[in-house]
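Before any comments, here is the structure.
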Amino acid sequence: MAQSWASFLLLALFSSSLLVCGSNGERVFLYPQSQKVSSIVSQRYRTAYHFQPPKNWINDPNGPMYYNGIYHEFYQYNPNGSVWGNIVWGHSVSTDLINWIPLEAAIERDTPSDINGCWTGSATILPGNRLVIIYTGADPEKRQVQNIVVPKNLSDPYLREWTKAGNNPVIQPVGPGLNSGQFRDPTTGWIGPDGLWRIAVGAELNGDSAALLYKSKDFLNWTRVDHPLYSSNSSSMWECPDFFAVLPGNSGGLDLSAAIPNAAKHVLKMSLDSCDKYMIGVYDLKSDTFIPDTVLDDRRLWSRIDYGNFYASKSFFDSKKGRRIIWGWTNETDSSSDDVAKGWAGIHAIPRTIWLDSHGKQLLQWPVEEVESLRGNEINHQGLELKKGGLFEIKGADSFQADVEIDFELTSIDKADPFDPSWLLDVEKHCREAGASVNGGIGPFGLVVLASDNMEEHTAVHFRVYKSEQKYMILMCSDLRSSSLRPGLYTPAYGGFFEYDLEKEKKISLRTLIDRSAVESFGGGGRACIMARVYPVAVVDGVAHMYAFNNGSTTVRVPQLRAWSMRRAQVNVKGME
Ligand code: DQQ
């Protein structure tokens with residue numbers, strides 16, 4: 001049943017494209033000039049169930065919330081084009097987090113305190129079900145200030161219109177050590193034991209990165225606390241801080257403004273280096289500071305929310321289902337001129353439930369259950385075995401729009417190769433070296449998606465198992481290097497490691513959501529997530545193949561493989577409003 005991976009590589013060698021060694025010894029594909037490369041403008045790259053506006057540029061998710069029965073998603077939006085600029089707050093509403101109704105922009109650049117941009121911010125539900133949004137404005141001098149808006153008409157279920165506070169900006173970029181051009185992205189508010197509201201704002205403070213702490217009685221008049229919530233000299237600025245509480249081993253969410261159980265931990269998420277990182281620790285009420293459980297000076301070692309293309313994320317407590325949900329922005333990885341030609345750029349990842357593992361060390365994420373409403377017929381295979389070189393084609397689902405769940409069970413863990421901690425400093429480099437066709441003791445095994453007939457184009461999402469002293473470390477890679485024959489794309493081999501109790505668990509799961517140009521993967525039950533964008537050209541006009549594979553020496557069983565075609569969601573379809 002399973003074919004060999006090697007036979008496909010041979011086919012690729014003798015097909016219209018040519019696999020050769022690059023100057024650094026890497027394997028690269030050359031393809032004849034005559035090969036037709038489809039235009040990037042094709043609607044085939046536009047996602048069918050990820051969040052995006054009808055057109056133009058989108059970046060950070062802003063102020064996500066559930067309020068009076070409606071989910072709101074705001075977003076950084078350029079009303080004039082498909083590159084970053086002229087930023088206002090786009091606005092959409094939903095009852096299920098998957099189908100969205102587009103509305104008029106909620107916050108526009110029409111006052112001195114936001115004339116140069118209405119940047120990222122957060123929503124807070126105040127006692128008495130009152131609602132407030134605090135966001136960053138870029139003022140005429142391009143200083144960053146914090147502004148307030150409130151709904152104009154609370155009887156409008158969609159909250160279409162918003163009124164700016166008369167005393168905006170409510171926070172000026174002043175105070176010792178503060179860089180007025182690096183002071184933005186206020187968090188959702190929370191109440192301290194003194195009954196005062198608190199928010200954190202991302203900043204550069206004396207050259208260090210900081211989540212600055214502000215206090216207020218009424219959410220309108222704010223005072224900077226004399227110390228930050230947390231700061232670090234390992235980096236120089238944090239964008240989009242997010243601060244929330246989680247209970248170890250409990251997938252339910254917590255509302256930061258409600259009573260927080262003693263056993264809870266706190267999470268500080270920060271956006272830097274084009275990725276979202278986090279620390280787990282405690283919020284010390286006495287000192288009003290966040291104290292991380294572990295402090296790592298080298299920020300390359302900080303935990304990641306996602307190892308791929310996922311930035312500026314923001315979470316909220318969903319009181320409808322008692323869970324915490326995180327949204328992140330995923331950029332295009334084509335060129336700006338491609339985006340201008342397409343007329344759109346940027347999507348949001350599928351909203352994910354986020355919680356803390358029972359050891360209190362690692363955040364886990366899983367696509368919200370509502371996305372399963374898009375699943376069509378189920379393809380189900382059980383009891384497969386993938387020997388070394390094994391390749392099993394998954395047929396019968398729409399390979400451009402699919403949800404695939406595979407459990408991999410190891411027949412032995414004896415052959416795990418030794419783990420080298422230096423790989424943690426540059427996991428992408430390790431994913432490049434230990435690619436999908438490079439044999440290991442256990443792995444690589446995983447999933448190949450959007451593969452052309454002869455594999456000259458494909459995206460591989462795979463695992464390898466390493467033994468590290470008393471524990472096992474799992475490498476998860478999402479390798480985009482062969483995802484497209486089109487030149488000029490950003491095609492890294494993303495990767496991350498997670499610890500796993502293999503003796504207890506035995507199985508390693510992979511879930512991948514394929515949505516035309518999005519490949520969003522969740523490994524080990526959500527311990528490692530990798531969001532990626534791909535623009536295949538050889539498969540778009542034809543058939544794309546999808547395979548489970550194993551190129552490791554240890555045979556891998558697949559007790560269960562399920563795949564579904566995914567229906568198109570109603571995402572901001574014009575005329576719905
Ligand atoms: N995007 C916003 C800023 C934020 C950045 C501007 C992060 O507020 O720091 O569009 O992507």
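Each chain in the structure tokens gets a letter, A, B and so on, in the order shown; residues start at 1 in every chain, and ligands are counted from 1 in the order they appear.
Neighbours of ligand 1 at a cut-off of 6 Å, computed so that only C-alpha atoms and all ligand atoms are counted, are the residues Asp60, Gln76, Trp119, Thr120, Arg184, Asp185, Glu239, Cys240 and Ala312 of chain A.
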Write out, as a CSV table (one decimal), in the first residue's frame, the residues just selected, with C-alpha atoms.
chain,number,residue,atom,x,y,z
A,60,ASP,CA,-2.6,42.6,14.1
A,76,GLN,CA,-5.1,46.6,11.8
A,119,TRP,CA,-2.6,51.1,16.1
A,120,THR,CA,-3.0,48.0,18.3
A,184,ARG,CA,2.4,51.0,22.3
A,185,ASP,CA,-0.2,48.2,22.3
A,239,GLU,CA,5.2,44.9,20.9
A,240,CYS,CA,1.7,43.6,21.7
A,312,ALA,CA,1.1,40.2,17.4
TODO: Please run DSSP on the backbone and report, as a PyMOL selection string, all residues within stretch 256-443 of chain A that come out as helix (DSSP H, G or I).
DONE: chain A and resi 299-301+336-342+369-374+421-425+427-433
I need the residues from that last selection saved to file as an mmCIF file, in the first residue's frame (with C-alpha atoms), if you can.
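out09.cif was written with the following content:
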data_model
loop_
_atom_site.group_PDB
_atom_site.id
_atom_site.type_symbol
_atom_site.label_atom_id
_atom_site.label_comp_id
_atom_site.auth_asym_id
_atom_site.auth_seq_id
_atom_site.Cartn_x
_atom_site.Cartn_y
_atom_site.Cartn_z
ATOM 1 C CA ARG A 299 15.966 35.311 24.092
ATOM 2 C CA ARG A 300 16.393 32.671 21.375
ATOM 3 C CA LEU A 301 15.562 30.183 24.123
ATOM 4 C CA SER A 336 4.989 43.575 -1.653
ATOM 5 C CA SER A 337 4.577 43.936 -5.399
ATOM 6 C CA ASP A 338 2.815 40.553 -5.422
ATOM 7 C CA ASP A 339 0.507 41.856 -2.681
ATOM 8 C CA VAL A 340 -0.240 45.009 -4.650
ATOM 9 C CA ALA A 341 -1.064 42.845 -7.654
ATOM 10 C CA LYS A 342 -3.275 40.550 -5.563
ATOM 11 C CA GLU A 369 -13.959 23.420 17.969
ATOM 12 C CA GLU A 370 -16.211 25.580 15.777
ATOM 13 C CA VAL A 371 -13.858 25.101 12.809
ATOM 14 C CA GLU A 372 -14.993 21.473 12.699
ATOM 15 C CA SER A 373 -18.386 22.686 11.454
ATOM 16 C CA LEU A 374 -16.673 23.145 8.073
ATOM 17 C CA PRO A 421 21.053 21.354 23.154
ATOM 18 C CA SER A 422 22.865 23.758 20.803
ATOM 19 C CA TRP A 423 20.122 23.042 18.228
ATOM 20 C CA LEU A 424 17.757 25.081 20.419
ATOM 21 C CA LEU A 425 19.609 28.246 19.466
ATOM 22 C CA VAL A 427 16.003 25.256 15.273
ATOM 23 C CA GLU A 428 15.354 26.371 11.683
ATOM 24 C CA LYS A 429 18.961 25.541 10.846
ATOM 25 C CA HIS A 430 18.474 22.096 12.317
ATOM 26 C CA CYS A 431 15.269 21.633 10.292
ATOM 27 C CA ARG A 432 17.206 22.556 7.155
ATOM 28 C CA GLU A 433 19.927 20.042 7.968
#
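Atom CA of A:Lys506 sits 16.5 Å away from atom CA of A:Gln382.
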Task: DSSP strand (DSSP E or B) residues within stretch 55-261 of chain A, as a count of residues only - done: 107
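Reported to one decimal place, the separation of atom CA of A:Leu510 from atom CA of A:Gly524 is 6.4 Å.
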Open item on the list: Report, in Å with one decimal, the straight-line distance from atom CA of A:Lys265 to atom CA of A:Leu205.
Closed with: 25.8 Å
- [ ] Check the smallest atom-to-atom distance from each of A:Trp344, A:Tyr547, A:Tyr75, A:Trp238 to A:Val41 using only C-alpha atoms, then report the winner.
- [x] A:Trp344
- [ ] Fewer than 2 positions away in the same chain doesn't count, so skip those; otherwise give me all residues within 8 Å of stretch 252-263 of chain A, counting only C-alpha atoms, as a PyMOL selection string.
- [x] chain A and resi 189-191+244-248+250+265+317-318+322-324+354-355
Open item on the list: So that I can check the surroundings of stretch 359-368 of chain A, please list as a ChimeraX atom specification every protein, DNA and RNA residue that reaches within 7 Å of it, counting only C-alpha atoms and ignoring chain neighbours fewer than 4 positions away.
Closed with: /A:248,280,350-355,526-527
With C-alpha atoms retained, could you export that selection as a PDB file, in the first residue's frame?
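Generated file (again_8.pdb):
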ATOM      1  CA  PRO A 248      -2.148  24.123  35.052  1.00  0.00           C
ATOM      2  CA  ILE A 280       5.162  31.565  32.607  1.00  0.00           C
ATOM      3  CA  ILE A 350      -7.647  30.094  13.058  1.00  0.00           C
ATOM      4  CA  PRO A 351      -8.583  31.218  16.595  1.00  0.00           C
ATOM      5  CA  ARG A 352      -7.082  28.748  19.054  1.00  0.00           C
ATOM      6  CA  THR A 353      -8.074  27.648  22.532  1.00  0.00           C
ATOM      7  CA  ILE A 354      -5.000  28.122  24.715  1.00  0.00           C
ATOM      8  CA  TRP A 355      -4.246  26.532  28.088  1.00  0.00           C
ATOM      9  CA  GLY A 526      -0.900  21.384  20.495  1.00  0.00           C
ATOM     10  CA  ARG A 527       2.517  21.493  22.219  1.00  0.00           C
TER      11      ARG A 527
END
- [ ] Go through A:Ile58, A:Val93, A:Val145, A:Ala349 and flag the residue nearest A:Val573, using only C-alpha atoms for the distances.
- [x] A:Val93
Open item on the list: Taking 2 positions as the minimum chain separation for residues in the same chain, which residues sit within 8 Å of stretch 224-232 of chain A when counting only C-alpha atoms? Answer as number ranges by chain.
Closed with: A: 200, 208-215, 222, 234-236, 288-291
Store the residues picked out above, limited to C-alpha atoms, as an mmCIF file, in the first residue's frame.
data_model
loop_
_atom_site.group_PDB
_atom_site.id
_atom_site.type_symbol
_atom_site.label_atom_id
_atom_site.label_comp_id
_atom_site.auth_asym_id
_atom_site.auth_seq_id
_atom_site.Cartn_x
_atom_site.Cartn_y
_atom_site.Cartn_z
ATOM 1 C CA ALA A 200 0.463 46.995 30.587
ATOM 2 C CA ASP A 208 15.422 47.649 27.540
ATOM 3 C CA SER A 209 12.152 45.996 26.598
ATOM 4 C CA ALA A 210 9.334 46.473 29.086
ATOM 5 C CA ALA A 211 5.666 45.909 29.785
ATOM 6 C CA LEU A 212 4.986 49.201 31.569
ATOM 7 C CA LEU A 213 2.311 49.174 34.261
ATOM 8 C CA TYR A 214 -0.379 51.859 34.535
ATOM 9 C CA LYS A 215 -3.161 52.212 37.143
ATOM 10 C CA TRP A 222 -3.994 56.795 34.306
ATOM 11 C CA SER A 234 17.709 40.767 26.600
ATOM 12 C CA SER A 235 15.791 42.783 23.991
ATOM 13 C CA SER A 236 15.001 46.447 23.400
ATOM 14 C CA ASP A 288 2.591 44.299 41.540
ATOM 15 C CA THR A 289 5.045 42.573 39.232
ATOM 16 C CA PHE A 290 5.197 39.491 37.083
ATOM 17 C CA ILE A 291 7.857 37.050 38.275
#
TODO: For A:Phe51, list every protein, DNA or RNA residue within 7 Å, evaluated using only C-alpha atoms, and leave out those in the same chain fewer than 6 positions away; present the list as a list in words.
DONE: Ile347, His348 and Val571 of chain A
Open item on the list: Set the distance at 12 Å and use only C-alpha atoms: which residues neighbour A:Tyr490 once local chain neighbours fewer than 6 positions away are removed? I'd like the list as a count of residues only.
Closed with: 18
Contact check, stretch 34-147 of chain A to stretch 400-407 of chain A, at most 9 Å, counting only C-alpha atoms, closest pairs as a tab-separated table:
residue	atom	partner	partner_atom	distance
A:Arg44	CA	A:Phe400	CA	8.9
A:Thr47	CA	A:Gln401	CA	8.7
A:Ala48	CA	A:Gln401	CA	7.6
A:Tyr49	CA	A:Gln401	CA	8.6
Dump of N, CA and C atoms for the selected residues, as an mmCIF file, in the first residue's frame:
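File written: result-v3.cif
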data_model
loop_
_atom_site.group_PDB
_atom_site.id
_atom_site.type_symbol
_atom_site.label_atom_id
_atom_site.label_comp_id
_atom_site.auth_asym_id
_atom_site.auth_seq_id
_atom_site.Cartn_x
_atom_site.Cartn_y
_atom_site.Cartn_z
ATOM 1 N N ARG A 44 -6.767 31.416 -6.250
ATOM 2 C CA ARG A 44 -6.546 30.127 -5.589
ATOM 3 C C ARG A 44 -5.725 30.266 -4.313
ATOM 4 N N THR A 47 -7.400 32.465 1.028
ATOM 5 C CA THR A 47 -7.849 31.395 1.918
ATOM 6 C C THR A 47 -9.373 31.341 1.956
ATOM 7 N N ALA A 48 -9.888 30.144 2.241
ATOM 8 C CA ALA A 48 -11.336 29.923 2.194
ATOM 9 C C ALA A 48 -11.977 29.932 3.574
ATOM 10 N N TYR A 49 -11.173 29.702 4.620
ATOM 11 C CA TYR A 49 -11.801 29.723 5.953
ATOM 12 C C TYR A 49 -10.951 30.399 7.021
#
Go through stretch 338-455 of chain A and flag each residue having an atom no more than 9 Å from stretch 465-476 of chain A; for those, report the closest pair of atoms plus their distance in Å to one decimal, using only C-alpha atoms, ordered by chain and rising number, as a tab-separated table.
residue	atom	partner	partner_atom	distance
A:Ile413	CA	A:Val465	CA	8.3
A:Lys415	CA	A:Tyr466	CA	8.8
A:Ala416	CA	A:Tyr466	CA	5.0
A:Asp417	CA	A:Tyr466	CA	5.0
A:Pro418	CA	A:Lys467	CA	5.0
A:Phe419	CA	A:Tyr466	CA	5.1
A:Asp420	CA	A:Ser468	CA	7.8
A:Pro421	CA	A:Ser468	CA	8.5
A:Val427	CA	A:Leu475	CA	8.5
A:Cys431	CA	A:Met476	CA	8.2
A:Gly440	CA	A:Val465	CA	8.7
A:Gly441	CA	A:Val465	CA	7.9
A:Ile442	CA	A:Val465	CA	5.5
A:Gly443	CA	A:Val465	CA	6.5
A:Pro444	CA	A:Val465	CA	8.2
For the selection just defined, write its residues with all heavy atoms to a file, as a short mmCIF file (atom, residue, chain, number, x, y, z; two decimals), in the first residue's frame.
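Just written: selection00.cif:
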data_model
loop_
_atom_site.label_atom_id
_atom_site.label_comp_id
_atom_site.auth_asym_id
_atom_site.auth_seq_id
_atom_site.Cartn_x
_atom_site.Cartn_y
_atom_site.Cartn_z
N ILE A 413 11.37 2.89 20.94
CA ILE A 413 12.02 4.20 21.13
C ILE A 413 13.53 4.03 21.33
O ILE A 413 14.22 4.95 21.73
CB ILE A 413 11.36 5.02 22.28
CG1 ILE A 413 11.19 4.18 23.54
CG2 ILE A 413 10.05 5.61 21.84
CD1 ILE A 413 10.59 4.97 24.71
N LYS A 415 15.90 3.60 19.14
CA LYS A 415 16.84 4.19 18.16
C LYS A 415 16.88 5.72 18.18
O LYS A 415 17.40 6.33 17.25
CB LYS A 415 16.46 3.72 16.76
CG LYS A 415 16.86 2.27 16.49
CD LYS A 415 16.95 2.01 15.00
CE LYS A 415 17.22 0.56 14.74
NZ LYS A 415 16.35 0.01 13.70
N ALA A 416 16.28 6.31 19.22
CA ALA A 416 16.27 7.79 19.25
C ALA A 416 17.71 8.31 19.22
O ALA A 416 18.54 7.88 20.02
CB ALA A 416 15.55 8.27 20.50
N ASP A 417 17.99 9.22 18.31
CA ASP A 417 19.33 9.80 18.22
C ASP A 417 19.54 10.76 19.40
O ASP A 417 18.58 11.31 19.94
CB ASP A 417 19.46 10.58 16.89
CG ASP A 417 19.41 9.65 15.70
OD1 ASP A 417 20.08 8.61 15.74
OD2 ASP A 417 18.66 9.96 14.74
N PRO A 418 20.80 10.98 19.78
CA PRO A 418 21.06 11.88 20.92
C PRO A 418 20.72 13.33 20.59
O PRO A 418 20.91 13.78 19.45
CB PRO A 418 22.55 11.70 21.20
CG PRO A 418 23.12 11.07 19.99
CD PRO A 418 22.02 10.35 19.26
N PHE A 419 20.22 14.02 21.58
CA PHE A 419 19.82 15.42 21.42
C PHE A 419 21.01 16.33 21.70
O PHE A 419 21.75 16.12 22.65
CB PHE A 419 18.69 15.70 22.42
CG PHE A 419 18.26 17.13 22.47
CD1 PHE A 419 17.58 17.70 21.39
CD2 PHE A 419 18.51 17.93 23.58
CE1 PHE A 419 17.18 19.03 21.42
CE2 PHE A 419 18.11 19.26 23.62
CZ PHE A 419 17.45 19.80 22.54
N ASP A 420 21.16 17.35 20.86
CA ASP A 420 22.23 18.33 21.07
C ASP A 420 21.57 19.66 21.45
O ASP A 420 20.90 20.28 20.62
CB ASP A 420 23.03 18.46 19.76
CG ASP A 420 24.10 19.52 19.85
OD1 ASP A 420 24.12 20.28 20.85
OD2 ASP A 420 24.93 19.60 18.92
N PRO A 421 21.74 20.12 22.71
CA PRO A 421 21.05 21.35 23.15
C PRO A 421 21.39 22.58 22.31
O PRO A 421 20.61 23.54 22.29
CB PRO A 421 21.54 21.54 24.60
CG PRO A 421 22.17 20.26 24.99
CD PRO A 421 22.56 19.52 23.75
N VAL A 427 16.72 26.49 15.63
CA VAL A 427 16.00 25.26 15.27
C VAL A 427 15.75 25.21 13.76
O VAL A 427 15.74 24.14 13.15
CB VAL A 427 14.70 25.12 16.08
CG1 VAL A 427 14.05 23.77 15.82
CG2 VAL A 427 14.97 25.27 17.58
N CYS A 431 16.29 22.16 11.22
CA CYS A 431 15.27 21.63 10.29
C CYS A 431 15.78 21.61 8.85
O CYS A 431 15.42 20.73 8.08
CB CYS A 431 13.98 22.46 10.37
SG CYS A 431 12.97 22.07 11.81
N GLY A 440 16.80 9.32 9.98
CA GLY A 440 17.21 9.39 11.38
C GLY A 440 16.80 8.12 12.09
O GLY A 440 16.13 7.26 11.50
N GLY A 441 17.17 7.98 13.35
CA GLY A 441 16.81 6.79 14.12
C GLY A 441 15.29 6.67 14.26
O GLY A 441 14.70 5.65 13.94
N ILE A 442 14.67 7.74 14.76
CA ILE A 442 13.19 7.80 14.80
C ILE A 442 12.79 9.07 14.07
O ILE A 442 13.01 10.18 14.55
CB ILE A 442 12.65 7.83 16.24
CG1 ILE A 442 13.25 6.70 17.08
CG2 ILE A 442 11.14 7.73 16.21
CD1 ILE A 442 12.76 6.68 18.52
N GLY A 443 12.22 8.94 12.93
CA GLY A 443 11.84 10.06 12.11
C GLY A 443 12.94 10.42 11.14
O GLY A 443 14.04 9.86 11.23
N PRO A 444 12.65 11.28 10.20
CA PRO A 444 11.44 12.08 10.10
C PRO A 444 10.23 11.25 9.65
O PRO A 444 10.34 10.43 8.76
CB PRO A 444 11.79 13.10 9.02
CG PRO A 444 12.79 12.39 8.15
CD PRO A 444 13.58 11.52 9.09
#
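Across A:Ala345, A:Ala569, A:Leu220, A:Leu356, the tightest approach to A:Tyr278 is made by A:Leu356 when counting only C-alpha atoms.
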